[in-house]
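**Student:** I am sharing work.cif, which consists of mmCIF, N, CA, C and O atoms:
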```
data_query
#
loop_
_atom_site.label_atom_id
_atom_site.label_comp_id
_atom_site.auth_asym_id
_atom_site.auth_seq_id
_atom_site.Cartn_x
_atom_site.Cartn_y
_atom_site.Cartn_z
N MET A 786 -11.98 3.92 22.00
CA MET A 786 -10.89 3.91 21.04
C MET A 786 -11.46 4.26 19.67
O MET A 786 -12.40 3.63 19.21
N ASP A 787 -10.88 5.24 19.04
CA ASP A 787 -11.35 5.67 17.73
C ASP A 787 -10.51 4.99 16.65
O ASP A 787 -9.30 5.16 16.59
N LEU A 788 -11.17 4.17 15.83
CA LEU A 788 -10.47 3.43 14.79
C LEU A 788 -10.46 4.16 13.46
O LEU A 788 -9.92 3.67 12.49
N ARG A 789 -11.10 5.33 13.43
CA ARG A 789 -11.17 6.08 12.19
C ARG A 789 -9.79 6.62 11.82
O ARG A 789 -9.03 7.06 12.68
N ASP A 790 -9.48 6.59 10.57
CA ASP A 790 -8.20 7.09 10.07
C ASP A 790 -8.51 8.20 9.09
O ASP A 790 -8.86 7.94 7.94
N ASP A 791 -8.41 9.45 9.55
CA ASP A 791 -8.73 10.58 8.68
C ASP A 791 -7.67 10.69 7.59
O ASP A 791 -6.48 10.81 7.86
N GLN A 792 -8.13 10.61 6.36
CA GLN A 792 -7.25 10.64 5.21
C GLN A 792 -7.29 12.03 4.57
O GLN A 792 -8.29 12.72 4.65
N PRO A 793 -6.20 12.42 3.93
CA PRO A 793 -6.21 13.72 3.25
C PRO A 793 -7.15 13.71 2.05
O PRO A 793 -7.44 12.66 1.48
N THR A 794 -7.66 14.89 1.68
CA THR A 794 -8.58 14.99 0.54
C THR A 794 -7.85 15.37 -0.74
O THR A 794 -8.43 15.30 -1.81
N GLN A 795 -6.60 15.78 -0.60
CA GLN A 795 -5.82 16.11 -1.80
C GLN A 795 -4.33 15.97 -1.52
O GLN A 795 -3.90 16.03 -0.39
N HIS A 796 -3.59 15.73 -2.59
CA HIS A 796 -2.13 15.65 -2.52
C HIS A 796 -1.57 16.67 -3.49
O HIS A 796 -2.05 16.82 -4.60
N GLU A 797 -0.53 17.34 -3.05
CA GLU A 797 0.17 18.26 -3.93
C GLU A 797 1.55 17.69 -4.21
O GLU A 797 2.35 17.49 -3.32
N ILE A 798 1.79 17.40 -5.49
CA ILE A 798 3.08 16.88 -5.92
C ILE A 798 3.61 17.83 -6.98
O ILE A 798 3.05 17.95 -8.07
N GLY A 799 4.70 18.48 -6.64
CA GLY A 799 5.23 19.49 -7.56
C GLY A 799 4.24 20.63 -7.69
O GLY A 799 3.77 21.19 -6.70
N ASN A 800 3.93 20.99 -8.93
CA ASN A 800 2.97 22.07 -9.15
C ASN A 800 1.58 21.54 -9.49
O ASN A 800 0.73 22.27 -9.97
N ARG A 801 1.33 20.26 -9.24
CA ARG A 801 0.03 19.65 -9.53
C ARG A 801 -0.68 19.26 -8.24
O ARG A 801 -0.05 18.84 -7.28
N THR A 802 -2.00 19.38 -8.24
CA THR A 802 -2.82 18.99 -7.10
C THR A 802 -3.73 17.84 -7.52
O THR A 802 -4.44 17.95 -8.52
N PHE A 803 -3.68 16.76 -6.77
CA PHE A 803 -4.49 15.59 -7.05
C PHE A 803 -5.56 15.46 -5.97
O PHE A 803 -5.25 15.42 -4.79
N LEU A 804 -6.83 15.40 -6.38
CA LEU A 804 -7.94 15.24 -5.46
C LEU A 804 -8.18 13.75 -5.20
O LEU A 804 -8.05 12.93 -6.10
N ILE A 805 -8.56 13.43 -3.98
CA ILE A 805 -8.81 12.05 -3.60
C ILE A 805 -10.29 11.90 -3.33
O ILE A 805 -10.87 12.63 -2.52
N ALA A 806 -10.94 10.96 -3.99
CA ALA A 806 -12.37 10.73 -3.82
C ALA A 806 -12.64 10.08 -2.46
O ALA A 806 -11.89 9.21 -2.03
N PRO A 807 -13.71 10.50 -1.79
CA PRO A 807 -14.05 9.91 -0.49
C PRO A 807 -14.77 8.57 -0.66
O PRO A 807 -15.99 8.47 -0.50
N VAL A 808 -14.03 7.52 -0.98
CA VAL A 808 -14.61 6.21 -1.23
C VAL A 808 -14.31 5.31 -0.03
O VAL A 808 -13.18 5.22 0.42
N GLU A 809 -15.36 4.65 0.47
CA GLU A 809 -15.19 3.72 1.58
C GLU A 809 -14.56 2.42 1.08
O GLU A 809 -14.86 1.97 -0.02
N PRO A 810 -13.72 1.78 1.88
CA PRO A 810 -13.13 0.50 1.47
C PRO A 810 -14.21 -0.58 1.42
O PRO A 810 -15.17 -0.55 2.17
N LEU A 811 -14.03 -1.53 0.51
CA LEU A 811 -15.02 -2.59 0.35
C LEU A 811 -14.90 -3.66 1.43
O LEU A 811 -15.89 -4.14 1.95
N ASP A 812 -13.69 -4.04 1.77
CA ASP A 812 -13.48 -5.13 2.71
C ASP A 812 -12.49 -4.66 3.77
O ASP A 812 -11.29 -4.80 3.61
N VAL A 813 -13.01 -4.11 4.85
CA VAL A 813 -12.16 -3.52 5.87
C VAL A 813 -11.39 -4.58 6.65
O VAL A 813 -10.23 -4.39 6.97
N ASP A 814 -12.05 -5.70 6.95
CA ASP A 814 -11.42 -6.68 7.82
C ASP A 814 -10.64 -7.76 7.08
O ASP A 814 -9.89 -8.50 7.69
N GLY A 815 -10.79 -7.91 5.78
CA GLY A 815 -10.01 -8.85 4.99
C GLY A 815 -10.50 -10.28 5.02
O GLY A 815 -9.85 -11.15 4.44
N VAL A 816 -11.62 -10.56 5.67
CA VAL A 816 -12.10 -11.94 5.78
C VAL A 816 -12.41 -12.51 4.40
O VAL A 816 -11.94 -13.60 4.05
N ARG A 817 -13.17 -11.79 3.60
CA ARG A 817 -13.55 -12.29 2.28
C ARG A 817 -12.32 -12.47 1.40
O ARG A 817 -12.20 -13.47 0.67
N THR A 818 -11.39 -11.55 1.46
CA THR A 818 -10.18 -11.64 0.63
C THR A 818 -9.38 -12.89 0.96
O THR A 818 -8.95 -13.61 0.06
N VAL A 819 -9.20 -13.16 2.24
CA VAL A 819 -8.44 -14.34 2.65
C VAL A 819 -9.18 -15.61 2.28
O VAL A 819 -8.58 -16.59 1.83
N GLN A 820 -10.51 -15.61 2.44
CA GLN A 820 -11.28 -16.80 2.09
C GLN A 820 -11.23 -17.10 0.59
O GLN A 820 -11.11 -18.26 0.20
N VAL A 821 -11.31 -16.07 -0.23
CA VAL A 821 -11.22 -16.27 -1.68
C VAL A 821 -9.84 -16.83 -2.05
O VAL A 821 -9.73 -17.76 -2.85
N GLY A 822 -8.79 -16.28 -1.47
CA GLY A 822 -7.45 -16.79 -1.73
C GLY A 822 -7.28 -18.23 -1.31
O GLY A 822 -6.67 -19.04 -2.02
N THR A 823 -7.87 -18.59 -0.16
CA THR A 823 -7.80 -19.97 0.33
C THR A 823 -8.51 -20.91 -0.63
O THR A 823 -8.00 -21.99 -0.97
N VAL A 824 -9.69 -20.51 -1.09
CA VAL A 824 -10.44 -21.34 -2.03
C VAL A 824 -9.66 -21.52 -3.33
O VAL A 824 -9.61 -22.62 -3.90
N LEU A 825 -9.02 -20.47 -3.80
CA LEU A 825 -8.23 -20.57 -5.03
C LEU A 825 -7.06 -21.54 -4.87
O LEU A 825 -6.74 -22.31 -5.79
N PHE A 826 -6.42 -21.53 -3.69
CA PHE A 826 -5.33 -22.48 -3.45
C PHE A 826 -5.86 -23.92 -3.43
O PHE A 826 -5.22 -24.83 -3.96
N VAL A 827 -7.03 -24.13 -2.82
CA VAL A 827 -7.61 -25.48 -2.79
C VAL A 827 -7.96 -25.94 -4.20
O VAL A 827 -7.70 -27.09 -4.58
N VAL A 828 -8.56 -25.05 -4.99
CA VAL A 828 -8.92 -25.39 -6.37
C VAL A 828 -7.66 -25.72 -7.18
O VAL A 828 -7.64 -26.70 -7.94
N ALA A 829 -6.61 -24.94 -7.00
CA ALA A 829 -5.36 -25.20 -7.72
C ALA A 829 -4.77 -26.55 -7.30
O ALA A 829 -4.29 -27.32 -8.15
N PHE A 830 -4.84 -26.87 -6.00
CA PHE A 830 -4.34 -28.16 -5.54
C PHE A 830 -5.12 -29.31 -6.18
O PHE A 830 -4.53 -30.27 -6.68
N LEU A 831 -6.45 -29.18 -6.16
CA LEU A 831 -7.28 -30.23 -6.75
C LEU A 831 -7.08 -30.34 -8.26
O LEU A 831 -7.16 -31.44 -8.82
N ALA A 832 -6.83 -29.22 -8.92
CA ALA A 832 -6.60 -29.25 -10.36
C ALA A 832 -5.27 -29.90 -10.71
O ALA A 832 -5.14 -30.55 -11.76
N LEU A 833 -4.27 -29.75 -9.85
CA LEU A 833 -2.95 -30.33 -10.12
C LEU A 833 -2.84 -31.78 -9.66
O LEU A 833 -1.96 -32.51 -10.14
N LEU A 834 -3.70 -32.20 -8.76
CA LEU A 834 -3.61 -33.55 -8.20
C LEU A 834 -3.64 -34.66 -9.25
O LEU A 834 -2.85 -35.61 -9.16
N PRO A 835 -4.49 -34.59 -10.30
CA PRO A 835 -4.47 -35.66 -11.31
C PRO A 835 -3.16 -35.76 -12.09
O PRO A 835 -2.87 -36.77 -12.71
N PHE A 836 -2.36 -34.71 -12.04
CA PHE A 836 -1.10 -34.68 -12.79
C PHE A 836 0.10 -35.00 -11.91
O PHE A 836 1.22 -34.60 -12.21
N TRP A 837 -0.13 -35.70 -10.81
CA TRP A 837 0.94 -36.03 -9.86
C TRP A 837 2.12 -36.71 -10.56
O TRP A 837 3.28 -36.33 -10.36
N GLY A 838 1.84 -37.70 -11.40
CA GLY A 838 2.92 -38.43 -12.08
C GLY A 838 3.77 -37.54 -12.96
O GLY A 838 5.00 -37.60 -12.94
N ARG A 839 3.12 -36.70 -13.75
CA ARG A 839 3.86 -35.78 -14.62
C ARG A 839 4.67 -34.78 -13.81
O ARG A 839 5.80 -34.44 -14.16
N LEU A 840 4.08 -34.29 -12.73
CA LEU A 840 4.80 -33.33 -11.88
C LEU A 840 6.00 -34.00 -11.23
O LEU A 840 7.07 -33.39 -11.10
N GLU A 841 5.83 -35.26 -10.84
CA GLU A 841 6.94 -35.99 -10.22
C GLU A 841 8.06 -36.24 -11.22
O GLU A 841 9.25 -36.10 -10.88
N GLU A 842 7.73 -36.57 -12.47
CA GLU A 842 8.74 -36.78 -13.50
C GLU A 842 9.52 -35.50 -13.78
O GLU A 842 10.72 -35.53 -14.00
N ALA A 843 8.83 -34.38 -13.77
CA ALA A 843 9.47 -33.10 -14.06
C ALA A 843 10.04 -32.45 -12.79
O ALA A 843 10.55 -31.33 -12.85
N GLN A 844 9.98 -33.16 -11.67
CA GLN A 844 10.45 -32.66 -10.38
C GLN A 844 9.78 -31.33 -10.01
O GLN A 844 10.41 -30.39 -9.55
N ASN A 845 8.46 -31.27 -10.22
CA ASN A 845 7.69 -30.08 -9.90
C ASN A 845 6.58 -30.36 -8.88
O ASN A 845 5.57 -29.67 -8.85
N THR A 846 6.78 -31.38 -8.03
CA THR A 846 5.75 -31.67 -7.02
C THR A 846 5.65 -30.56 -5.99
O THR A 846 4.67 -30.50 -5.25
N TRP A 847 6.62 -29.65 -5.97
CA TRP A 847 6.55 -28.52 -5.05
C TRP A 847 5.32 -27.66 -5.31
O TRP A 847 4.82 -26.99 -4.40
N LEU A 848 4.80 -27.70 -6.54
CA LEU A 848 3.60 -26.92 -6.85
C LEU A 848 2.42 -27.41 -6.02
O LEU A 848 1.62 -26.61 -5.51
N LEU A 849 2.29 -28.73 -5.87
CA LEU A 849 1.22 -29.28 -5.03
C LEU A 849 1.38 -28.86 -3.58
O LEU A 849 0.42 -28.45 -2.93
N TRP A 850 2.59 -28.96 -3.08
CA TRP A 850 2.82 -28.63 -1.67
C TRP A 850 2.66 -27.13 -1.44
O TRP A 850 2.23 -26.72 -0.36
N MET A 851 2.99 -26.31 -2.42
CA MET A 851 2.78 -24.87 -2.29
C MET A 851 1.29 -24.57 -2.17
O MET A 851 0.87 -23.76 -1.34
N CYS A 852 0.47 -25.22 -3.01
CA CYS A 852 -0.98 -25.01 -2.95
C CYS A 852 -1.55 -25.46 -1.62
O CYS A 852 -2.39 -24.78 -1.03
N LEU A 853 -1.08 -26.60 -1.12
CA LEU A 853 -1.56 -27.12 0.15
C LEU A 853 -1.14 -26.20 1.30
O LEU A 853 -1.93 -25.93 2.21
N THR A 854 0.07 -25.69 1.25
CA THR A 854 0.55 -24.76 2.27
C THR A 854 -0.24 -23.45 2.21
O THR A 854 -0.61 -22.90 3.25
N GLY A 855 -0.51 -22.96 1.01
CA GLY A 855 -1.31 -21.74 0.87
C GLY A 855 -2.70 -21.91 1.44
O GLY A 855 -3.23 -21.00 2.09
N ALA A 856 -3.30 -23.06 1.23
CA ALA A 856 -4.64 -23.33 1.79
C ALA A 856 -4.58 -23.39 3.31
O ALA A 856 -5.44 -22.84 3.99
N GLY A 857 -3.55 -24.04 3.84
CA GLY A 857 -3.41 -24.12 5.31
C GLY A 857 -3.19 -22.76 5.94
O GLY A 857 -3.83 -22.42 6.95
N LEU A 858 -2.31 -21.98 5.35
CA LEU A 858 -2.08 -20.63 5.87
C LEU A 858 -3.32 -19.75 5.70
O LEU A 858 -3.60 -18.87 6.52
N GLY A 859 -4.07 -20.00 4.64
CA GLY A 859 -5.32 -19.27 4.43
C GLY A 859 -6.33 -19.56 5.52
O GLY A 859 -7.06 -18.67 5.96
N LEU A 860 -6.40 -20.81 5.98
CA LEU A 860 -7.30 -21.16 7.08
C LEU A 860 -6.90 -20.44 8.37
O LEU A 860 -7.74 -19.93 9.11
N ILE A 861 -5.61 -20.39 8.62
CA ILE A 861 -5.11 -19.68 9.80
C ILE A 861 -5.41 -18.18 9.66
O ILE A 861 -5.88 -17.53 10.60
N GLY A 862 -5.16 -17.64 8.47
CA GLY A 862 -5.43 -16.22 8.23
C GLY A 862 -6.90 -15.88 8.32
O GLY A 862 -7.28 -14.80 8.81
N SER A 863 -7.75 -16.78 7.88
CA SER A 863 -9.19 -16.57 7.97
C SER A 863 -9.64 -16.49 9.42
O SER A 863 -10.43 -15.62 9.79
N ALA A 864 -9.14 -17.40 10.25
CA ALA A 864 -9.48 -17.37 11.67
C ALA A 864 -8.99 -16.07 12.32
O ALA A 864 -9.70 -15.45 13.11
N TYR A 865 -7.79 -15.65 11.96
CA TYR A 865 -7.24 -14.40 12.50
C TYR A 865 -8.09 -13.20 12.09
O TYR A 865 -8.42 -12.35 12.93
N CYS A 866 -8.46 -13.13 10.82
CA CYS A 866 -9.25 -12.00 10.34
C CYS A 866 -10.65 -11.98 10.95
O CYS A 866 -11.19 -10.91 11.24
N LYS A 867 -11.24 -13.15 11.14
CA LYS A 867 -12.56 -13.21 11.78
C LYS A 867 -12.48 -12.71 13.21
O LYS A 867 -13.34 -11.95 13.66
N ARG A 868 -11.44 -13.13 13.93
CA ARG A 868 -11.26 -12.67 15.30
C ARG A 868 -11.04 -11.16 15.34
O ARG A 868 -11.59 -10.46 16.18
N ARG A 869 -10.26 -10.65 14.40
CA ARG A 869 -10.01 -9.21 14.32
C ARG A 869 -11.30 -8.45 14.02
O ARG A 869 -11.55 -7.38 14.58
N ARG A 870 -12.17 -9.01 13.15
CA ARG A 870 -13.45 -8.37 12.84
C ARG A 870 -14.33 -8.31 14.07
O ARG A 870 -14.98 -7.29 14.32
N ILE A 871 -14.36 -9.37 14.86
CA ILE A 871 -15.18 -9.39 16.08
C ILE A 871 -14.70 -8.32 17.06
O ILE A 871 -15.50 -7.57 17.62
N VAL A 872 -13.40 -8.23 17.26
CA VAL A 872 -12.85 -7.22 18.18
C VAL A 872 -13.15 -5.82 17.67
O VAL A 872 -13.56 -4.95 18.44
N ARG A 873 -12.98 -5.61 16.40
CA ARG A 873 -13.24 -4.29 15.82
C ARG A 873 -14.72 -3.91 15.97
O ARG A 873 -15.04 -2.78 16.30
N THR A 874 -15.63 -4.87 15.76
CA THR A 874 -17.06 -4.61 15.90
C THR A 874 -17.40 -4.27 17.35
O THR A 874 -18.18 -3.36 17.61
N GLU A 875 -16.79 -5.01 18.29
CA GLU A 875 -17.04 -4.72 19.71
C GLU A 875 -16.55 -3.34 20.08
O GLU A 875 -17.21 -2.63 20.83
N LEU A 876 -15.39 -2.93 19.59
CA LEU A 876 -14.86 -1.60 19.90
C LEU A 876 -15.71 -0.50 19.30
O LEU A 876 -15.92 0.54 19.92
N GLU A 877 -16.20 -0.72 18.08
CA GLU A 877 -17.03 0.29 17.43
C GLU A 877 -18.38 0.44 18.11
O GLU A 877 -18.94 1.53 18.16
N SER A 878 -18.94 -0.67 18.62
CA SER A 878 -20.26 -0.60 19.25
C SER A 878 -20.17 -0.15 20.70
O SER A 878 -21.19 0.11 21.31
N GLY A 879 -18.97 -0.08 21.25
CA GLY A 879 -18.80 0.38 22.62
C GLY A 879 -18.96 -0.71 23.64
O GLY A 879 -19.06 -0.45 24.82
N ASP A 880 -18.98 -1.98 23.22
CA ASP A 880 -19.12 -3.09 24.15
C ASP A 880 -17.80 -3.44 24.83
O ASP A 880 -17.79 -4.11 25.86
N GLY A 881 -16.70 -3.03 24.25
CA GLY A 881 -15.40 -3.36 24.82
C GLY A 881 -15.16 -2.59 26.09
O GLY A 881 -15.61 -1.48 26.30
N THR A 882 -14.44 -3.21 27.01
CA THR A 882 -14.15 -2.56 28.27
C THR A 882 -12.76 -1.97 28.21
O THR A 882 -11.82 -2.61 27.77
N ASP A 883 -12.64 -0.74 28.64
CA ASP A 883 -11.33 -0.07 28.66
C ASP A 883 -10.78 -0.19 30.06
O ASP A 883 -11.39 0.25 31.03
N ALA A 884 -9.62 -0.81 30.19
CA ALA A 884 -9.03 -0.99 31.51
C ALA A 884 -8.01 0.06 31.78
O ALA A 884 -7.38 0.63 30.98
#
```
As structure tokens, what does this structure read like?

**Tutor:**
Amino acid sequence: MDLRDDQPTQHEIGNRTFLIAPVEPLDVDGVRTVQVGTVLFVVAFLALLPFWGRLEEAQNTWLLWMCLTGAGLGLIGSAYCKRRRIVRTELESGDGTDA
């Protein structure tokens, strides 16, 4: 299975031609991106936790639950992206079996 996605080297829009630089993506599998987002949600939750009383008075406790939910979904997303990276690595190395 070929996972390569051949991209165009230029776009023509109207009478102008735009060249596209051949730059490789930094994070193909998204593991680091999801992990950074998860950490940021945890940090936000911990930063808001001391202000529970004020948030409750202003009826804004949903901010805490949003951060906690984001961290939980980030953990699920991290596991998914790691599994996807393993499968992609196996396919690229030729270890996968084609049925």

**Student:** Interatomic distance between CA of Val816 in chain A and CA of Leu833 in chain A?

**Tutor:**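 Going from CA of Val816 in chain A over to CA of Leu833 in chain A covers 26.0 Å.
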
**Student:** Could you jot down the CA of Arg817 in chain A to CA of Tyr865 in chain A separation for me, Å, one decimal place?

**Tutor:**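 We find that CA of Arg817 in chain A and CA of Tyr865 in chain A lie 12.2 Å from each other.
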
**Student:** So, with only N, CA, C and O atoms as the atoms that count, which of A:Glu809, A:Asp791, A:Asp814, A:Glu797 lies closest to Gly862 in chain A?

**Tutor:** A:Asp814

**Student:** When you count only N, CA, C and O atoms, which of these residues is closest to Thr818 in chain A: A:Arg839, A:Ser863, A:Gln844, A:Val872?

**Tutor:**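 When distances to Thr818 in chain A are compared using only N, CA, C and O atoms, the smallest one comes from A:Ser863.
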
**Student:** For Gly855 in chain A, which residue among A:Leu825, A:Arg869, A:Gly815, A:Pro793 is the nearest when counting only C-alpha atoms?

**Tutor:**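 The closest residue to Gly855 in chain A is A:Leu825.
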
**Student:** May I ask for the distance between CA of Gly859 in chain A and CA of Val821 in chain A, given in Å to one decimal place?

**Tutor:** 9.0 Å

**Student:** Because some atoms of range 839-850 of chain A are absent here, can you restore all heavy atoms and send them as a CSV table (one decimal), in the frame of the given file?

**Tutor:**
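To be explicit, this is the file written out as result.csv:
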```csv
chain,number,residue,atom,x,y,z
A,839,ARG,N,3.1,-36.7,-13.8
A,839,ARG,CA,3.9,-35.8,-14.6
A,839,ARG,C,4.7,-34.8,-13.8
A,839,ARG,O,5.8,-34.4,-14.2
A,839,ARG,CB,2.9,-35.0,-15.5
A,839,ARG,CG,2.3,-35.9,-16.6
A,839,ARG,CD,1.4,-35.1,-17.5
A,839,ARG,NE,0.7,-35.9,-18.5
A,839,ARG,CZ,-0.1,-35.4,-19.4
A,839,ARG,NH1,-0.3,-34.1,-19.5
A,839,ARG,NH2,-0.7,-36.2,-20.2
A,840,LEU,N,4.1,-34.3,-12.7
A,840,LEU,CA,4.8,-33.3,-11.9
A,840,LEU,C,6.0,-34.0,-11.2
A,840,LEU,O,7.1,-33.4,-11.1
A,840,LEU,CB,3.9,-32.8,-10.8
A,840,LEU,CG,2.8,-31.8,-11.3
A,840,LEU,CD1,1.8,-31.5,-10.2
A,840,LEU,CD2,3.4,-30.5,-11.9
A,841,GLU,N,5.8,-35.3,-10.8
A,841,GLU,CA,6.9,-36.0,-10.2
A,841,GLU,C,8.1,-36.2,-11.2
A,841,GLU,O,9.2,-36.1,-10.9
A,841,GLU,CB,6.4,-37.3,-9.7
A,841,GLU,CG,7.3,-37.9,-8.6
A,841,GLU,CD,6.7,-39.1,-7.9
A,841,GLU,OE1,5.9,-39.8,-8.6
A,841,GLU,OE2,6.9,-39.2,-6.7
A,842,GLU,N,7.7,-36.6,-12.5
A,842,GLU,CA,8.7,-36.8,-13.5
A,842,GLU,C,9.5,-35.5,-13.8
A,842,GLU,O,10.7,-35.5,-14.0
A,842,GLU,CB,8.1,-37.3,-14.8
A,842,GLU,CG,7.6,-38.7,-14.7
A,842,GLU,CD,6.8,-39.1,-16.0
A,842,GLU,OE1,6.8,-38.2,-16.9
A,842,GLU,OE2,6.2,-40.1,-16.0
A,843,ALA,N,8.8,-34.4,-13.8
A,843,ALA,CA,9.5,-33.1,-14.1
A,843,ALA,C,10.0,-32.4,-12.8
A,843,ALA,O,10.6,-31.3,-12.8
A,843,ALA,CB,8.5,-32.1,-14.7
A,844,GLN,N,10.0,-33.2,-11.7
A,844,GLN,CA,10.4,-32.7,-10.4
A,844,GLN,C,9.8,-31.3,-10.0
A,844,GLN,O,10.4,-30.4,-9.6
A,844,GLN,CB,12.0,-32.5,-10.4
A,844,GLN,CG,12.7,-33.8,-10.5
A,844,GLN,CD,14.2,-33.7,-10.5
A,844,GLN,OE1,14.7,-32.6,-10.6
A,844,GLN,NE2,14.9,-34.8,-10.3
A,845,ASN,N,8.5,-31.3,-10.2
A,845,ASN,CA,7.7,-30.1,-9.9
A,845,ASN,C,6.6,-30.4,-8.9
A,845,ASN,O,5.6,-29.7,-8.8
A,845,ASN,CB,7.1,-29.5,-11.2
A,845,ASN,CG,8.1,-28.8,-12.0
A,845,ASN,OD1,9.1,-28.2,-11.5
A,845,ASN,ND2,7.9,-28.8,-13.3
A,846,THR,N,6.8,-31.4,-8.0
A,846,THR,CA,5.8,-31.7,-7.0
A,846,THR,C,5.6,-30.6,-6.0
A,846,THR,O,4.7,-30.5,-5.2
A,846,THR,CB,6.0,-33.0,-6.3
A,846,THR,OG1,7.4,-33.0,-5.8
A,846,THR,CG2,5.9,-34.2,-7.3
A,847,TRP,N,6.6,-29.6,-6.0
A,847,TRP,CA,6.6,-28.5,-5.0
A,847,TRP,C,5.3,-27.7,-5.3
A,847,TRP,O,4.8,-27.0,-4.4
A,847,TRP,CB,7.8,-27.7,-5.1
A,847,TRP,CG,8.0,-27.0,-6.5
A,847,TRP,CD1,8.7,-27.5,-7.5
A,847,TRP,CD2,7.6,-25.7,-6.9
A,847,TRP,NE1,8.6,-26.6,-8.6
A,847,TRP,CE2,8.0,-25.5,-8.2
A,847,TRP,CE3,6.8,-24.7,-6.2
A,847,TRP,CZ2,7.7,-24.3,-8.9
A,847,TRP,CZ3,6.5,-23.6,-6.9
A,847,TRP,CH2,7.0,-23.4,-8.2
A,848,LEU,N,4.8,-27.7,-6.5
A,848,LEU,CA,3.6,-26.9,-6.8
A,848,LEU,C,2.4,-27.4,-6.0
A,848,LEU,O,1.6,-26.6,-5.5
A,848,LEU,CB,3.3,-27.0,-8.3
A,848,LEU,CG,4.2,-26.3,-9.3
A,848,LEU,CD1,3.9,-26.7,-10.7
A,848,LEU,CD2,4.0,-24.8,-9.1
A,849,LEU,N,2.3,-28.7,-5.9
A,849,LEU,CA,1.2,-29.3,-5.0
A,849,LEU,C,1.4,-28.9,-3.6
A,849,LEU,O,0.4,-28.4,-2.9
A,849,LEU,CB,1.2,-30.8,-5.1
A,849,LEU,CG,0.6,-31.4,-6.4
A,849,LEU,CD1,1.0,-32.9,-6.5
A,849,LEU,CD2,-0.8,-31.2,-6.4
A,850,TRP,N,2.6,-29.0,-3.1
A,850,TRP,CA,2.8,-28.6,-1.7
A,850,TRP,C,2.7,-27.1,-1.4
A,850,TRP,O,2.2,-26.7,-0.4
A,850,TRP,CB,4.2,-29.1,-1.2
A,850,TRP,CG,4.3,-30.6,-1.5
A,850,TRP,CD1,5.3,-31.2,-2.2
A,850,TRP,CD2,3.4,-31.6,-1.0
A,850,TRP,NE1,5.0,-32.6,-2.2
A,850,TRP,CE2,3.9,-32.9,-1.5
A,850,TRP,CE3,2.3,-31.6,-0.2
A,850,TRP,CZ2,3.3,-34.1,-1.2
A,850,TRP,CZ3,1.7,-32.8,0.1
A,850,TRP,CH2,2.2,-34.0,-0.4
```
